[in-house]
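Raw protein.cif, mmCIF, C-alpha atoms:
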```cif
data_coords
#
loop_
_atom_site.label_atom_id
_atom_site.label_comp_id
_atom_site.auth_asym_id
_atom_site.auth_seq_id
_atom_site.Cartn_x
_atom_site.Cartn_y
_atom_site.Cartn_z
CA MET F 1344 0.00 0.00 0.00
CA ILE F 1345 2.84 2.42 0.89
CA VAL F 1346 6.23 1.89 -0.75
CA ALA F 1347 9.34 4.04 -0.42
CA GLU F 1348 12.29 3.11 -2.64
CA ASN F 1349 15.56 4.84 -1.79
CA LEU F 1350 13.84 8.19 -1.19
CA VAL F 1351 16.22 11.16 -1.01
CA LYS F 1352 15.31 14.78 -0.38
CA GLU F 1353 17.90 17.54 -0.49
CA PHE F 1354 17.45 21.25 0.10
CA LYS F 1355 19.72 24.04 -1.09
CA VAL F 1356 20.37 26.41 1.82
CA ALA F 1357 21.92 29.86 1.34
CA GLU F 1358 24.89 30.70 3.57
CA ARG F 1359 25.97 34.12 4.71
CA GLY F 1360 28.64 35.52 6.95
CA PRO F 1361 27.96 37.06 10.36
CA GLY F 1362 26.78 40.60 10.94
CA LEU F 1363 25.72 43.36 8.57
CA MET F 1364 28.57 42.82 6.10
CA GLY F 1365 27.64 39.17 5.84
CA SER F 1366 24.07 40.13 4.96
CA LEU F 1367 25.16 42.76 2.42
CA SER F 1368 27.54 40.36 0.68
CA THR F 1369 24.62 38.11 -0.27
CA LEU F 1370 23.31 40.92 -2.50
CA PHE F 1371 26.26 40.42 -4.86
CA SER F 1372 27.09 36.72 -4.54
CA ARG F 1373 25.67 33.77 -2.72
CA GLU F 1374 27.07 30.49 -1.57
CA HIS F 1375 24.89 27.49 -0.95
CA ARG F 1376 25.20 24.16 0.76
CA LEU F 1377 23.12 21.04 0.30
CA VAL F 1378 21.23 19.69 3.30
CA ARG F 1379 20.05 16.09 3.00
CA ALA F 1380 16.85 15.79 5.03
CA VAL F 1381 16.04 12.26 3.88
CA ALA F 1382 18.92 9.94 2.99
CA GLY F 1383 17.85 6.94 0.94
CA VAL F 1384 14.83 5.79 2.95
CA SER F 1385 13.27 2.50 1.85
CA PHE F 1386 10.32 0.65 3.41
CA GLU F 1387 7.05 -1.04 2.56
CA ILE F 1388 3.83 -0.86 4.57
CA PRO F 1389 1.21 -3.47 3.58
CA ALA F 1390 -2.46 -2.57 3.23
CA GLY F 1391 -4.35 -2.50 6.52
CA THR F 1392 -1.23 -1.94 8.63
CA LYS F 1393 -1.04 0.64 11.42
CA ALA F 1394 2.57 1.81 11.39
CA ALA F 1395 4.38 4.42 13.48
CA TYR F 1396 7.10 6.45 11.76
CA ILE F 1397 9.00 7.97 14.63
CA GLY F 1398 12.22 9.78 15.38
CA ALA F 1399 13.73 12.82 17.04
CA ASN F 1400 13.09 16.36 15.81
CA GLY F 1401 14.95 16.88 12.53
CA ALA F 1402 15.13 13.14 11.80
CA GLY F 1403 13.32 13.50 8.45
CA LYS F 1404 9.84 12.26 9.43
CA SER F 1405 7.75 15.18 8.19
CA THR F 1406 9.76 15.50 4.96
CA THR F 1407 9.14 11.83 4.19
CA VAL F 1408 5.41 12.19 4.87
CA LYS F 1409 5.25 15.26 2.62
CA MET F 1410 6.75 13.24 -0.23
CA LEU F 1411 4.31 10.39 0.40
CA THR F 1412 1.36 12.79 0.33
CA GLY F 1413 2.53 14.57 -2.82
CA ILE F 1414 3.35 17.90 -1.19
CA MET F 1415 7.06 17.51 -2.02
CA THR F 1416 8.86 15.81 -4.91
CA PRO F 1417 11.86 13.65 -3.96
CA THR F 1418 15.31 14.59 -5.22
CA SER F 1419 15.73 10.96 -6.19
CA GLY F 1420 14.05 7.64 -5.47
CA ARG F 1421 10.43 6.69 -5.81
CA ALA F 1422 7.29 6.47 -3.69
CA LEU F 1423 4.00 4.66 -4.28
CA VAL F 1424 0.79 5.11 -2.30
CA ALA F 1425 -2.10 2.85 -3.29
CA GLY F 1426 -0.31 2.25 -6.59
CA LEU F 1427 0.16 5.95 -7.41
CA GLU F 1428 3.24 8.17 -7.39
CA PRO F 1429 1.76 10.89 -5.16
CA TYR F 1430 3.88 13.83 -6.40
CA ARG F 1431 3.11 13.00 -10.07
CA GLU F 1432 -0.62 12.27 -9.65
CA ARG F 1433 -1.56 14.68 -6.89
CA ARG F 1434 -5.27 14.94 -7.66
CA ARG F 1435 -5.87 11.20 -7.94
CA ASN F 1436 -3.73 10.57 -4.87
CA ALA F 1437 -5.66 13.15 -2.83
CA ALA F 1438 -8.89 11.24 -3.45
CA HIS F 1439 -7.48 8.12 -1.78
CA ILE F 1440 -5.69 9.58 1.25
CA GLY F 1441 -6.50 11.48 4.42
CA VAL F 1442 -3.96 13.76 6.07
CA VAL F 1443 -3.59 15.48 9.42
CA PHE F 1444 -0.71 17.91 9.91
CA GLY F 1445 -0.79 19.33 13.43
CA GLN F 1446 0.00 22.90 12.44
CA ARG F 1447 -1.75 23.04 9.05
CA SER F 1448 -5.50 23.03 8.54
CA GLN F 1449 -7.58 21.39 5.82
CA LEU F 1450 -10.65 23.23 7.10
CA TRP F 1451 -11.90 26.59 5.83
CA TRP F 1452 -10.55 29.15 8.27
CA ASP F 1453 -13.48 31.59 8.24
CA LEU F 1454 -16.26 28.98 8.15
CA PRO F 1455 -17.75 26.92 10.97
CA VAL F 1456 -16.83 23.23 11.07
CA PRO F 1457 -20.20 21.95 9.69
CA ASP F 1458 -19.74 24.09 6.56
CA SER F 1459 -16.24 22.72 6.02
CA PHE F 1460 -17.59 19.18 6.15
CA ARG F 1461 -20.32 20.00 3.63
CA ILE F 1462 -17.65 21.32 1.26
CA LEU F 1463 -15.50 18.22 1.76
CA ARG F 1464 -18.56 16.08 1.04
CA ARG F 1465 -18.91 17.79 -2.36
CA ILE F 1466 -15.20 17.67 -3.16
CA HIS F 1467 -14.92 13.94 -2.47
CA GLU F 1468 -18.40 13.13 -3.85
CA ILE F 1469 -19.18 11.11 -0.74
CA PRO F 1470 -22.36 8.99 -0.99
CA ASP F 1471 -25.16 10.01 1.40
CA ALA F 1472 -25.07 6.75 3.36
CA VAL F 1473 -21.28 6.93 3.88
CA TYR F 1474 -21.43 10.58 4.92
CA ARG F 1475 -24.23 9.99 7.44
CA ARG F 1476 -22.46 6.93 8.86
CA ASN F 1477 -19.19 8.75 9.33
CA MET F 1478 -20.71 11.91 10.78
CA ALA F 1479 -22.64 9.81 13.31
CA LEU F 1480 -19.40 8.05 14.29
CA PHE F 1481 -17.55 11.37 14.65
CA GLN F 1482 -20.33 12.76 16.81
CA GLU F 1483 -20.32 9.66 19.02
CA LEU F 1484 -16.56 9.68 19.62
CA LEU F 1485 -15.49 13.31 19.13
CA ASP F 1486 -18.68 15.28 19.93
CA LEU F 1487 -18.31 17.54 16.90
CA ASP F 1488 -21.71 19.16 17.53
CA ALA F 1489 -20.19 20.81 20.60
CA LEU F 1490 -18.08 22.96 18.25
CA GLY F 1491 -21.27 24.69 17.11
CA ASN F 1492 -21.07 27.36 14.43
CA THR F 1493 -17.83 28.91 15.64
CA PRO F 1494 -15.45 29.76 12.77
CA VAL F 1495 -12.43 27.48 12.63
CA ARG F 1496 -10.04 30.40 13.29
CA GLN F 1497 -11.70 30.97 16.69
CA LEU F 1498 -11.41 27.35 17.87
CA SER F 1499 -8.77 26.25 20.35
CA LEU F 1500 -6.03 23.93 19.11
CA GLY F 1501 -7.70 20.94 20.76
CA GLN F 1502 -11.10 21.75 19.26
CA ARG F 1503 -9.61 22.19 15.80
CA MET F 1504 -7.68 18.92 16.01
CA ARG F 1505 -10.91 17.02 16.71
CA ALA F 1506 -12.34 18.39 13.49
CA GLU F 1507 -9.08 17.83 11.55
CA VAL F 1508 -8.97 14.13 12.45
CA ALA F 1509 -12.61 13.69 11.45
CA ALA F 1510 -12.06 15.58 8.18
CA SER F 1511 -9.17 13.29 7.25
CA LEU F 1512 -11.46 10.25 7.55
CA VAL F 1513 -14.80 11.56 6.27
CA HIS F 1514 -14.34 10.16 2.72
CA ASP F 1515 -13.19 6.64 3.76
CA PRO F 1516 -9.59 7.04 2.51
CA LYS F 1517 -7.49 3.98 1.71
CA VAL F 1518 -4.52 5.51 3.56
CA VAL F 1519 -4.43 8.09 6.34
CA PHE F 1520 -1.31 10.03 7.36
CA LEU F 1521 -1.48 11.36 10.92
CA ASP F 1522 1.18 13.87 12.01
CA GLU F 1523 0.75 14.62 15.75
CA PRO F 1524 -3.04 14.01 15.62
CA THR F 1525 -3.65 14.40 19.37
CA VAL F 1526 -1.69 17.59 20.00
CA GLY F 1527 -3.72 19.92 22.22
CA LEU F 1528 -6.22 17.23 23.27
CA ASP F 1529 -7.02 16.20 26.83
CA LEU F 1530 -6.74 12.58 27.94
CA VAL F 1531 -10.38 11.74 27.22
CA LEU F 1532 -10.27 13.08 23.66
CA LYS F 1533 -6.88 11.49 23.01
CA GLU F 1534 -8.42 8.15 23.85
CA ALA F 1535 -11.39 8.93 21.59
CA VAL F 1536 -9.11 9.71 18.63
CA ARG F 1537 -7.20 6.46 19.19
CA ARG F 1538 -10.48 4.51 19.29
CA LEU F 1539 -11.62 6.19 16.08
CA VAL F 1540 -8.43 5.38 14.19
CA ASN F 1541 -8.48 1.77 15.40
CA HIS F 1542 -12.17 1.52 14.45
CA VAL F 1543 -11.72 2.64 10.83
CA ASN F 1544 -8.72 0.36 10.49
CA ALA F 1545 -10.66 -2.65 11.78
CA GLU F 1546 -13.88 -1.93 9.87
CA LEU F 1547 -12.56 -0.53 6.58
CA GLY F 1548 -8.97 -1.82 6.42
CA THR F 1549 -7.61 1.74 6.34
CA THR F 1550 -3.80 1.85 6.29
CA VAL F 1551 -2.40 4.20 8.94
CA LEU F 1552 0.98 5.95 9.04
CA LEU F 1553 1.40 7.84 12.31
CA THR F 1554 4.15 10.26 13.28
CA SER F 1555 3.99 11.39 16.90
CA HIS F 1556 6.08 12.22 19.96
CA ASP F 1557 3.22 10.92 22.13
CA MET F 1558 4.18 7.37 23.08
CA GLY F 1559 0.58 6.78 24.19
CA ASP F 1560 -0.59 7.29 20.60
CA ILE F 1561 2.03 4.92 19.26
CA THR F 1562 1.41 2.07 21.70
CA ALA F 1563 -2.40 2.41 21.53
CA ILE F 1564 -2.65 2.53 17.73
CA CYS F 1565 0.32 0.97 15.98
CA ASP F 1566 1.30 -2.63 15.40
CA ARG F 1567 4.48 -1.86 13.46
CA VAL F 1568 7.25 0.68 14.03
CA LEU F 1569 9.73 2.42 11.73
CA VAL F 1570 12.40 4.44 13.55
CA VAL F 1571 14.16 7.12 11.51
CA ASN F 1572 17.32 8.97 12.55
CA HIS F 1573 19.25 11.54 10.49
CA GLY F 1574 17.12 10.72 7.45
CA GLU F 1575 17.68 6.94 7.58
CA VAL F 1576 15.44 4.11 8.82
CA VAL F 1577 17.41 2.53 11.69
CA HIS F 1578 14.79 0.07 12.97
CA ARG F 1579 11.75 -1.64 11.51
CA GLY F 1580 9.50 -4.30 12.97
CA THR F 1581 6.68 -4.82 15.43
CA MET F 1582 6.38 -2.90 18.69
CA HIS F 1583 7.34 -6.10 20.52
CA GLU F 1584 10.52 -6.39 18.44
CA LEU F 1585 11.39 -2.78 19.20
CA LEU F 1586 11.00 -3.33 22.93
CA ARG F 1587 13.15 -6.45 22.73
CA THR F 1588 16.11 -4.28 21.67
CA ALA F 1589 16.23 -2.79 25.19
CA ASP F 1590 19.55 -3.54 26.87
CA THR F 1591 18.05 -3.24 30.35
CA ARG F 1592 14.75 -4.50 31.71
CA ALA F 1593 13.08 -4.41 35.10
CA VAL F 1594 11.24 -6.44 37.71
CA VAL F 1595 9.06 -4.68 40.29
CA PHE F 1596 8.01 -6.46 43.47
CA GLU F 1597 6.43 -6.06 46.90
CA HIS F 1598 7.51 -8.04 49.95
CA HIS F 1599 7.30 -8.25 53.73
CA GLY F 1600 10.42 -6.65 55.09
CA ALA F 1601 12.64 -3.55 55.04
CA ALA F 1602 13.18 -2.06 51.58
CA ASP F 1603 16.65 -0.66 52.36
CA GLU F 1604 17.96 -4.07 53.34
CA ALA F 1605 16.41 -5.61 50.23
CA ILE F 1606 18.10 -3.11 47.93
CA GLY F 1607 21.53 -3.84 49.37
CA LEU F 1608 21.06 -7.61 49.18
CA ILE F 1609 19.83 -7.47 45.57
CA GLU F 1610 22.70 -5.35 44.26
CA LYS F 1611 25.19 -7.59 46.06
CA GLY F 1612 23.63 -10.87 44.91
CA LEU F 1613 22.78 -9.86 41.32
CA ASP F 1614 25.90 -8.35 39.78
CA GLY F 1615 25.28 -5.35 37.52
CA THR F 1616 21.73 -4.67 38.70
CA SER F 1617 20.31 -1.47 40.15
CA ALA F 1618 17.59 -1.59 42.82
CA THR F 1619 15.51 1.47 43.76
CA LEU F 1620 12.39 2.25 45.75
CA THR F 1621 9.35 3.36 43.72
CA GLU F 1622 6.97 6.12 44.78
CA ASP F 1623 4.38 3.57 45.90
CA GLY F 1624 6.87 1.72 48.12
CA ARG F 1625 7.74 -1.19 45.86
CA VAL F 1626 11.26 -2.23 44.86
CA LYS F 1627 12.30 -1.90 41.23
CA VAL F 1628 15.20 -4.05 40.03
CA GLU F 1629 16.78 -3.02 36.70
CA TYR F 1630 19.05 -5.63 35.17
CA PRO F 1631 21.20 -5.94 32.01
CA VAL F 1632 19.62 -8.43 29.62
CA ALA F 1633 23.07 -9.56 28.49
CA ARG F 1634 23.75 -10.82 32.04
CA TRP F 1635 20.40 -11.87 33.52
CA THR F 1636 16.96 -13.11 32.46
CA ALA F 1637 13.66 -12.17 34.09
CA ARG F 1638 13.34 -15.77 35.29
CA GLN F 1639 16.73 -15.61 37.05
CA VAL F 1640 15.95 -12.28 38.70
CA MET F 1641 12.52 -13.44 39.88
CA GLY F 1642 14.02 -16.70 41.12
CA PHE F 1643 16.54 -14.78 43.25
CA LEU F 1644 13.78 -12.58 44.68
CA LEU F 1645 11.57 -15.55 45.55
CA ASP F 1646 14.50 -17.34 47.20
CA HIS F 1647 15.52 -14.38 49.38
CA PHE F 1648 12.30 -12.48 50.16
CA ASP F 1649 8.72 -13.06 51.26
CA VAL F 1650 7.33 -11.74 47.96
CA THR F 1651 3.65 -10.69 47.88
CA ASP F 1652 3.52 -9.37 44.32
CA CYS F 1653 5.93 -9.39 41.38
CA VAL F 1654 5.66 -8.07 37.81
CA ALA F 1655 8.02 -7.66 34.83
CA PRO F 1656 6.73 -4.60 32.93
CA GLU F 1657 7.57 -3.93 29.29
CA PRO F 1658 10.55 -1.60 28.78
CA ASP F 1659 9.80 2.08 28.45
CA VAL F 1660 9.48 2.96 24.75
CA GLU F 1661 11.09 6.38 25.17
CA MET F 1662 14.09 4.80 26.90
CA VAL F 1663 14.53 2.34 24.02
CA LEU F 1664 14.34 5.13 21.44
CA ARG F 1665 16.87 7.28 23.33
CA ARG F 1666 19.29 4.36 23.28
CA ILE F 1667 18.82 3.92 19.53
CA TYR F 1668 19.43 7.62 18.86
CA ALA F 1669 22.47 7.71 21.14
CA GLY F 1670 23.92 4.62 19.50
CA ARG F 1671 23.55 6.04 16.00
CA ALA F 1672 25.01 9.39 17.05
CA ALA F 1673 28.10 7.64 18.36
CA VAL F 1674 28.73 5.82 15.07
#
```

Show me this structure written as structure tokens.
Amino acid sequence: MIVAENLVKEFKVAERGPGLMGSLSTLFSREHRLVRAVAGVSFEIPAGTKAAYIGANGAGKSTTVKMLTGIMTPTSGRALVAGLEPYRERRRNAAHIGVVFGQRSQLWWDLPVPDSFRILRRIHEIPDAVYRRNMALFQELLDLDALGNTPVRQLSLGQRMRAEVAASLVHDPKVVFLDEPTVGLDLVLKEAVRRLVNHVNAELGTTVLLTSHDMGDITAICDRVLVVNHGEVVHRGTMHELLRTADTRAVVFEHHGAADEAIGLIEKGLDGTSATLTEDGRVKVEYPVARWTARQVMGFLLDHFDVTDCVAPEPDVEMVLRRIYAGRAAV
């Protein structure tokens, strides 16, 4: 459904010297340097997949999405979305995709939200039954009627984002690109947006490509992850496979006894581990996966303490990503 083949995007950036003389010199001659925002990215996302495309600021995420949506043309390489090259067939591509860019609106700025949806209905030639079904779903999950007849320019960021997400899905697109779709939303509405995206994927087979710094969005929506750093894809796979790359994991337990004594005994008996007290009074044991397994750590705890509860939570996604970025930066 989405294919990127060695995508490259370069920008020519003008350089100038410092101060007033540096600015004046550009009137007579200019020097430029090439900045490579995307460096040979290749991946394939099958139809019906919910994939996260994540990375640090400046990693090349938004530039890649702009090429996939037809907003930008790659310097070299090729992209296909639903069988179309989006930057060569922009109009046909636009009929098959939905897009949310957090800081750019697809709504009419001076019109109320209901009027924008009526215009979108005409543009996409949405059948009556599909339009009514989708508007009922949006009302149920996002409470669009609460936005009333307020012009879009007067809405808060959170209110506008509710309408933006709905607008991207109103025409039953084959593919939806979501760039920070929950920015400005409270916890309840974030959960509603996640439910909506998962619903259209399950019911209609909509392919989802999500870029977000909100790890809650990624874990709640996506089943596959692409990690990009300095314009290159440095990890691809399922969320479970990403978490398995963690070099440290943890076991958290409760027991009858003094926590301070437990911490000392654990760090002495399990070489290379770090034991700390959590805010709720439990003991957290972090261990290097190259040295210990969860079974070994839990076995030690059961042998030495009167354990009342014990869990091995999944690694923190942000911690795993920081390690990936740090590792690539050191190369």

Pick out the closest residue to Asp1590 (chain F) from this set: F:Cys1653, F:Ala1395, F:Ala1633, F:Cys1565. Count all atoms listed in the file.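 Of all the options, F:Ala1633 lies closest to Asp1590 (chain F).
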
Which residues fall under the PyMOL selection byres ((chain F and resi 1479-1488) around 12) in this file, as a PyMOL selection string? chain F and resi 1455-1457+1460+1472-1478+1489-1493+1501-1513+1525+1528-1529+1531-1540+1542-1543

Hey, what comes out of the PyMOL selection byres ((chain F and resi 1612) around 12) on this file? Could you write it as a PyMOL selection string? chain F and resi 1605-1611+1613-1618+1628+1630+1635+1639-1640+1642-1644+1646-1647

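Near Ala1402 (chain F), within 10 Å and counting all atoms listed in the file, sit Ala1380, Val1381, Ile1397, Gly1398, Thr1406, Thr1407, Val1570, Val1571, Asn1572, His1573, Gly1574, Glu1575, Val1576 and Tyr1668 of chain F, not including residues fewer than 4 positions from it in the same chain.
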
What residues come out when you apply the PyMOL selection byres ((chain F and resi 1584) around 12) to this file, written as a VMD selection string? chain F and resid 1566 to 1569 1578 to 1583 1585 to 1589 1657 to 1658 1660 1663

Rank F:Arg1634, F:Arg1665, F:His1598, F:His1556 by their smallest atom-to-atom distance to Asn1400 (chain F), using all atoms listed in the file, and report the top residue only.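 Residue with the minimum atom-to-atom distance to Asn1400 (chain F): F:His1556.
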
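The coordinates place CA of Glu1661 (chain F) at 18.8 Å from CA of Val1595 (chain F).
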
Would you compute the distance between CA of Arg1666 (chain F) and CA of Thr1636 (chain F)? Give it in Å to one decimal. 19.9 Å

Could you check the closest approach to Ala1399 (chain F) for each of F:Gly1624, F:Asp1557, F:Glu1432, F:Asp1453 and tell me which residue wins, using all atoms listed in the file?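 Answer, going by the shortest atom-to-atom distance: F:Asp1557.
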
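For the pair CA of Ile1564 (chain F) and CA of Ala1545 (chain F), the interatomic distance is 11.2 Å.
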
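Contact shell of region 1386-1393 of chain F at 8 Å (all atoms listed in the file; same-chain neighbours under 3 positions omitted): Met1344, Ile1345, Val1346, Ala1347, Glu1348, Asn1544, Gly1548, Thr1549, Thr1550, Val1551, Leu1552, Leu1553, Ile1564, Cys1565, Asp1566 and Arg1567 of chain F.
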
Nearest residue to Glu1468 (chain F) out of F:Gly1426, F:Asp1515, F:Leu1620, F:Pro1494, using all atoms listed in the file?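 Smallest separation from Glu1468 (chain F) among the options: F:Asp1515.
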
Name all residues at most 9 Å from Glu1523 (chain F) (count all atoms listed in the file; drop same-chain ones fewer than 4 positions away) and give them as a list in words. Val1443, Phe1444, Gly1445, Gln1446, Leu1553, Thr1554, Ser1555, His1556, Asp1557 and Asp1560 of chain F

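You can rank F:Glu1622, F:Glu1546, F:Asp1652, F:Asp1522 by their closest distance to Val1594 (chain F) using all atoms listed in the file, and at the top of that list sits F:Asp1652.
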
List the residues sitting within 12 Å of (12.4, 10.3, -7.3) in the file's frame, using all atoms listed in the file, as a list of chain:residue names. F:Ala1347, F:Glu1348, F:Asn1349, F:Leu1350, F:Val1351, F:Lys1352, F:Glu1353, F:Val1381, F:Gly1383, F:Val1384, F:Met1410, F:Leu1411, F:Gly1413, F:Met1415, F:Thr1416, F:Pro1417, F:Thr1418, F:Ser1419, F:Gly1420, F:Arg1421, F:Ala1422, F:Leu1423, F:Glu1428, F:Pro1429, F:Tyr1430, F:Arg1431
